[in-house]
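Okay, structure first, notes after.
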Amino acid sequence: MAGILLPMVLSLLMQGCLCSVGETDRGCMKWTSKGEDVCCEACHPGHRVVTKCGRNPKELCTPCKNGTFLEDPKDSRCYPCTQCVGAQVYVKQCTTSTDTQCGCKEGFTCGNDRCTFCVKKCDKGQEPAEKRSCRTCPDGRFNDQIHQMCKPWSTKCPNPAQHIVANGDAFTDIKCADASPVPVIKPEKPDPTEPASPFALFAVISIVVLMAFGIGIIIIITKKVSQKRKDEEEGQKPTTKTLIIRPPTDDDDPRTLQAIECSFHEAQQEQGSSSESLDSKDSSDRLIA
């Protein structure tokens with residue numbers, strides 16, 4: 001009889017120990033005494049408060065059902081696990097003490113800290129816009145990171161010794177460079193000891209020939225202009241007209257006859273004067289002889 005009772009006692013003790021170990025994280029985790037009862041202040045993770053106060057702390061809390069969770073140990077309600085839908089993907093499955101952790105597909109990013117929705121991921125040079133879309137940074141602003149808001153261009157260089165050499169664009173800020181003085185380049189003087197290069201000699205000869213050719217053309221043009229002016233001046237000299245006196249006729253007008261007669265007499269006078277001059281000359285020649 002004793003041999004039968006001993007194994008039964010040992011079996012009961014082992015079951016009691018196993019039950020105690022399995023139930024260490026069940027029911028109320030923190031409570032305070034209130035008379036003969038205890039009042040639960042916090043349940044174990046994944047349990048909700050069923051009764052605030054009672055005789056047995058384990059009966060004050062009960063575990064959440066499958067598909068629900070509870071993060072606040074003082075709460076009396078379990079919440080349904082979040083379902084990842086649309087562009088969301090599962091990162092971590094739901095437990096009785098933690099909710100589902102969702103992520104987003106490639107090309108999308110979480111729209112908030114809890115990643116309850118996904119939005120299109122904006123590249124560099126863009127920023128998030130309305131209706132979960134992206135837009136290019138406006139003029140005067142840039143974005144050099146993924147899915148961030150555009151920032152305004154800088155108005156001056158970070159280093160006082162630098163100056164702005166180029167404006168920014170949608171991807172980068174302004175570009176700065178050191179303000180170094182412009183070097184003065186002095187022309188190199190030719191070395192008199194070095195012989196002149198063939199190219200330099202050819203250049204000098206070409207210049208001399210061109211100058212001589214130009215001077216020759218100027219001289220020819222000047223001569224032609226002078227000759228043309230001389231010819232024009234000679235062509236403008238007055239010419240002596242020969243007076244032709246014809247004998248009068250009966251049909252001529254009396255006034256015309258009078259004018260012709262006057263002209264005839266004048267011509268005779270001129271001829272007489274010429275004859276007298278000739279006679280004087282002959283007399284002089286005779287006296288000399």
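Here's how to read the names in the structure tokens: chain A, B, ... by the order shown, residue numbers from 1 in each chain, ligand numbers from 1 in the order shown.
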Just want the 12 Å neighbourhood of Gly35 (chain A), counted on only C-alpha atoms, with same-chain residues fewer than 3 positions away dropped. Output as JSON, numbers by chain.
{"A": [32, 38, 39, 53, 54, 55]}
Using only C-alpha atoms, which residues sit within 7 Å of region 87-100 of chain A once same-chain residues fewer than 4 positions away are excluded, as an mmCIF file with N, CA and C atoms, in the first residue's frame?
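In the end it all went to part_23.cif:
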data_model
loop_
_atom_site.group_PDB
_atom_site.id
_atom_site.type_symbol
_atom_site.label_atom_id
_atom_site.label_comp_id
_atom_site.auth_asym_id
_atom_site.auth_seq_id
_atom_site.Cartn_x
_atom_site.Cartn_y
_atom_site.Cartn_z
ATOM 1 N N PRO A 45 1.687 41.070 -19.274
ATOM 2 C CA PRO A 45 1.556 41.437 -20.688
ATOM 3 C C PRO A 45 0.641 40.464 -21.416
ATOM 4 N N GLY A 46 -0.257 41.014 -22.237
ATOM 5 C CA GLY A 46 -1.192 40.194 -22.998
ATOM 6 C C GLY A 46 -2.433 39.823 -22.229
ATOM 7 N N CYS A 64 -5.668 37.886 -23.599
ATOM 8 C CA CYS A 64 -6.389 38.318 -24.801
ATOM 9 C C CYS A 64 -6.582 37.131 -25.735
ATOM 10 N N THR A 68 -6.020 39.356 -31.097
ATOM 11 C CA THR A 68 -6.131 40.620 -30.363
ATOM 12 C C THR A 68 -4.869 40.813 -29.539
ATOM 13 N N PHE A 69 -4.674 42.061 -29.085
ATOM 14 C CA PHE A 69 -3.471 42.370 -28.296
ATOM 15 C C PHE A 69 -3.810 43.466 -27.298
ATOM 16 N N LEU A 70 -2.936 43.604 -26.334
ATOM 17 C CA LEU A 70 -3.085 44.643 -25.313
ATOM 18 C C LEU A 70 -1.680 45.083 -24.872
ATOM 19 N N GLU A 71 -1.390 46.374 -25.056
ATOM 20 C CA GLU A 71 -0.072 46.899 -24.696
ATOM 21 C C GLU A 71 -0.076 47.551 -23.318
ATOM 22 N N CYS A 81 -5.696 42.976 -33.908
ATOM 23 C CA CYS A 81 -4.385 43.183 -34.527
ATOM 24 C C CYS A 81 -4.555 43.907 -35.865
ATOM 25 N N THR A 82 -3.601 44.789 -36.176
ATOM 26 C CA THR A 82 -3.624 45.549 -37.434
ATOM 27 C C THR A 82 -3.323 44.616 -38.601
ATOM 28 N N CYS A 104 6.473 49.008 -45.977
ATOM 29 C CA CYS A 104 5.966 49.380 -47.298
ATOM 30 C C CYS A 104 6.787 48.701 -48.390
ATOM 31 N N LYS A 105 6.178 48.534 -49.541
ATOM 32 C CA LYS A 105 6.844 47.929 -50.675
ATOM 33 C C LYS A 105 7.928 48.857 -51.222
ATOM 34 N N CYS A 118 1.026 53.881 -46.521
ATOM 35 C CA CYS A 118 2.236 54.096 -47.309
ATOM 36 C C CYS A 118 2.008 55.198 -48.341
#
From CA of Lys224 (chain A) to CA of Ser206 (chain A) the spacing works out at 27.3 Å
Expressed in Å to a single decimal, how great is the separation between CA of Ala129 (chain A) and CA of Thr155 (chain A)?
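Answer for the CA of Ala129 (chain A) to CA of Thr155 (chain A) separation: 25.5 Å.
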Taking the chain letters and numbering used in this document, name the residues of region 60-125 of chain A that DSSP puts in strand (DSSP E), as a PyMOL selection string.
chain A and resi 61-63+68-69+79-80+88-92+101-104+108-110+118-120
Next, the residues of the selection above should be written as an mmCIF file, in the first residue's frame with N, CA and C atoms.
data_model
loop_
_atom_site.group_PDB
_atom_site.id
_atom_site.type_symbol
_atom_site.label_atom_id
_atom_site.label_comp_id
_atom_site.auth_asym_id
_atom_site.auth_seq_id
_atom_site.Cartn_x
_atom_site.Cartn_y
_atom_site.Cartn_z
ATOM 1 N N CYS A 61 -7.284 38.953 -13.862
ATOM 2 C CA CYS A 61 -6.907 39.229 -15.260
ATOM 3 C C CYS A 61 -7.093 37.976 -16.099
ATOM 4 N N THR A 62 -7.341 38.192 -17.406
ATOM 5 C CA THR A 62 -7.497 37.082 -18.342
ATOM 6 C C THR A 62 -6.737 37.412 -19.632
ATOM 7 N N PRO A 63 -6.158 36.384 -20.292
ATOM 8 C CA PRO A 63 -5.368 36.659 -21.506
ATOM 9 C C PRO A 63 -6.260 37.092 -22.673
ATOM 10 N N THR A 68 -6.020 39.356 -31.097
ATOM 11 C CA THR A 68 -6.131 40.620 -30.363
ATOM 12 C C THR A 68 -4.869 40.813 -29.539
ATOM 13 N N PHE A 69 -4.674 42.061 -29.085
ATOM 14 C CA PHE A 69 -3.471 42.370 -28.296
ATOM 15 C C PHE A 69 -3.810 43.466 -27.298
ATOM 16 N N TYR A 79 -7.395 44.799 -28.176
ATOM 17 C CA TYR A 79 -7.672 45.427 -29.470
ATOM 18 C C TYR A 79 -7.306 44.478 -30.611
ATOM 19 N N PRO A 80 -8.052 44.542 -31.725
ATOM 20 C CA PRO A 80 -7.738 43.659 -32.860
ATOM 21 C C PRO A 80 -6.368 43.981 -33.452
ATOM 22 N N GLN A 88 1.361 47.970 -48.106
ATOM 23 C CA GLN A 88 2.009 47.553 -46.858
ATOM 24 C C GLN A 88 2.446 46.092 -46.937
ATOM 25 N N VAL A 89 3.488 45.774 -46.179
ATOM 26 C CA VAL A 89 3.971 44.398 -46.051
ATOM 27 C C VAL A 89 4.180 44.117 -44.565
ATOM 28 N N TYR A 90 4.100 42.821 -44.198
ATOM 29 C CA TYR A 90 4.279 42.442 -42.798
ATOM 30 C C TYR A 90 5.765 42.424 -42.444
ATOM 31 N N VAL A 91 6.094 43.148 -41.385
ATOM 32 C CA VAL A 91 7.448 43.151 -40.852
ATOM 33 C C VAL A 91 7.514 42.263 -39.609
ATOM 34 N N LYS A 92 6.470 42.314 -38.784
ATOM 35 C CA LYS A 92 6.405 41.514 -37.560
ATOM 36 C C LYS A 92 4.955 41.157 -37.278
ATOM 37 N N GLN A 101 3.465 44.848 -36.923
ATOM 38 C CA GLN A 101 4.361 45.872 -37.436
ATOM 39 C C GLN A 101 4.393 45.757 -38.958
ATOM 40 N N CYS A 102 3.938 46.834 -39.629
ATOM 41 C CA CYS A 102 3.876 46.846 -41.093
ATOM 42 C C CYS A 102 4.988 47.712 -41.678
ATOM 43 N N GLY A 103 5.360 47.388 -42.908
ATOM 44 C CA GLY A 103 6.289 48.199 -43.681
ATOM 45 C C GLY A 103 5.678 48.513 -45.032
ATOM 46 N N CYS A 104 6.473 49.008 -45.977
ATOM 47 C CA CYS A 104 5.966 49.380 -47.298
ATOM 48 C C CYS A 104 6.787 48.701 -48.390
ATOM 49 N N PHE A 108 7.902 52.865 -51.997
ATOM 50 C CA PHE A 108 6.980 53.528 -51.084
ATOM 51 C C PHE A 108 7.642 53.674 -49.724
ATOM 52 N N THR A 109 7.071 54.546 -48.903
ATOM 53 C CA THR A 109 7.583 54.747 -47.550
ATOM 54 C C THR A 109 6.411 54.996 -46.614
ATOM 55 N N CYS A 110 6.657 54.826 -45.316
ATOM 56 C CA CYS A 110 5.582 54.980 -44.328
ATOM 57 C C CYS A 110 5.103 56.425 -44.288
ATOM 58 N N CYS A 118 1.026 53.881 -46.521
ATOM 59 C CA CYS A 118 2.236 54.096 -47.309
ATOM 60 C C CYS A 118 2.008 55.198 -48.341
ATOM 61 N N VAL A 119 3.061 55.920 -48.646
ATOM 62 C CA VAL A 119 3.023 56.957 -49.672
ATOM 63 C C VAL A 119 4.182 56.712 -50.640
ATOM 64 N N LYS A 120 4.080 57.297 -51.826
ATOM 65 C CA LYS A 120 5.136 57.157 -52.816
ATOM 66 C C LYS A 120 6.414 57.820 -52.310
#
Got a sec: who's within 10 Å of Val165 (chain A), counting only C-alpha atoms, leaving out chain neighbours fewer than 6 positions off, as a list in words?
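Those residues are Cys157, Ile174, Lys175, Cys176, Ala177, Asp178 and Ala179 of chain A.
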What does the structure give for the distance between CA of Asn56 (chain A) and CA of His44 (chain A), in Å to one decimal?
14.7 Å
Could you pull the residues within 10 Å of Gly168 (chain A), counting only C-alpha atoms, minus those fewer than 3 positions along the same chain, as a list in words?
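The contact residues come out as Asp139, Gly140, Arg141, Phe142, Pro152, Trp153, Ser154, Ile164, Val165, Phe171, Thr172, Asp173, Ile174 and Lys175 of chain A.
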Counting only C-alpha atoms, what is within 6 Å of Cys137 (chain A), bar same-chain residues fewer than 6 positions away, as a tab-separated table (two decimals) with all heavy atoms, in the first residue's frame?
chain	number	residue	atom	x	y	z
A	125	GLY	N	15.61	66.02	-55.14
A	125	GLY	CA	15.07	67.03	-56.05
A	125	GLY	C	13.57	67.12	-56.03
A	125	GLY	O	12.98	67.90	-56.78
A	126	GLN	N	12.91	66.30	-55.17
A	126	GLN	CA	11.45	66.30	-55.04
A	126	GLN	C	11.07	66.44	-53.57
A	126	GLN	O	11.91	66.33	-52.67
A	126	GLN	CB	10.85	65.03	-55.62
A	126	GLN	CG	11.09	64.82	-57.10
A	126	GLN	CD	10.51	63.51	-57.59
A	126	GLN	OE1	10.37	62.55	-56.84
A	126	GLN	NE2	10.16	63.46	-58.88
A	150	CYS	N	11.77	70.16	-49.47
A	150	CYS	CA	12.78	71.01	-50.09
A	150	CYS	C	13.15	72.15	-49.16
A	150	CYS	O	12.32	72.66	-48.41
A	150	CYS	CB	12.26	71.56	-51.42
A	150	CYS	SG	11.86	70.29	-52.64
A	170	ALA	N	17.50	72.01	-58.18
A	170	ALA	CA	16.56	71.23	-57.38
A	170	ALA	C	17.25	70.19	-56.51
A	170	ALA	O	16.66	69.71	-55.55
A	170	ALA	CB	15.54	70.56	-58.29
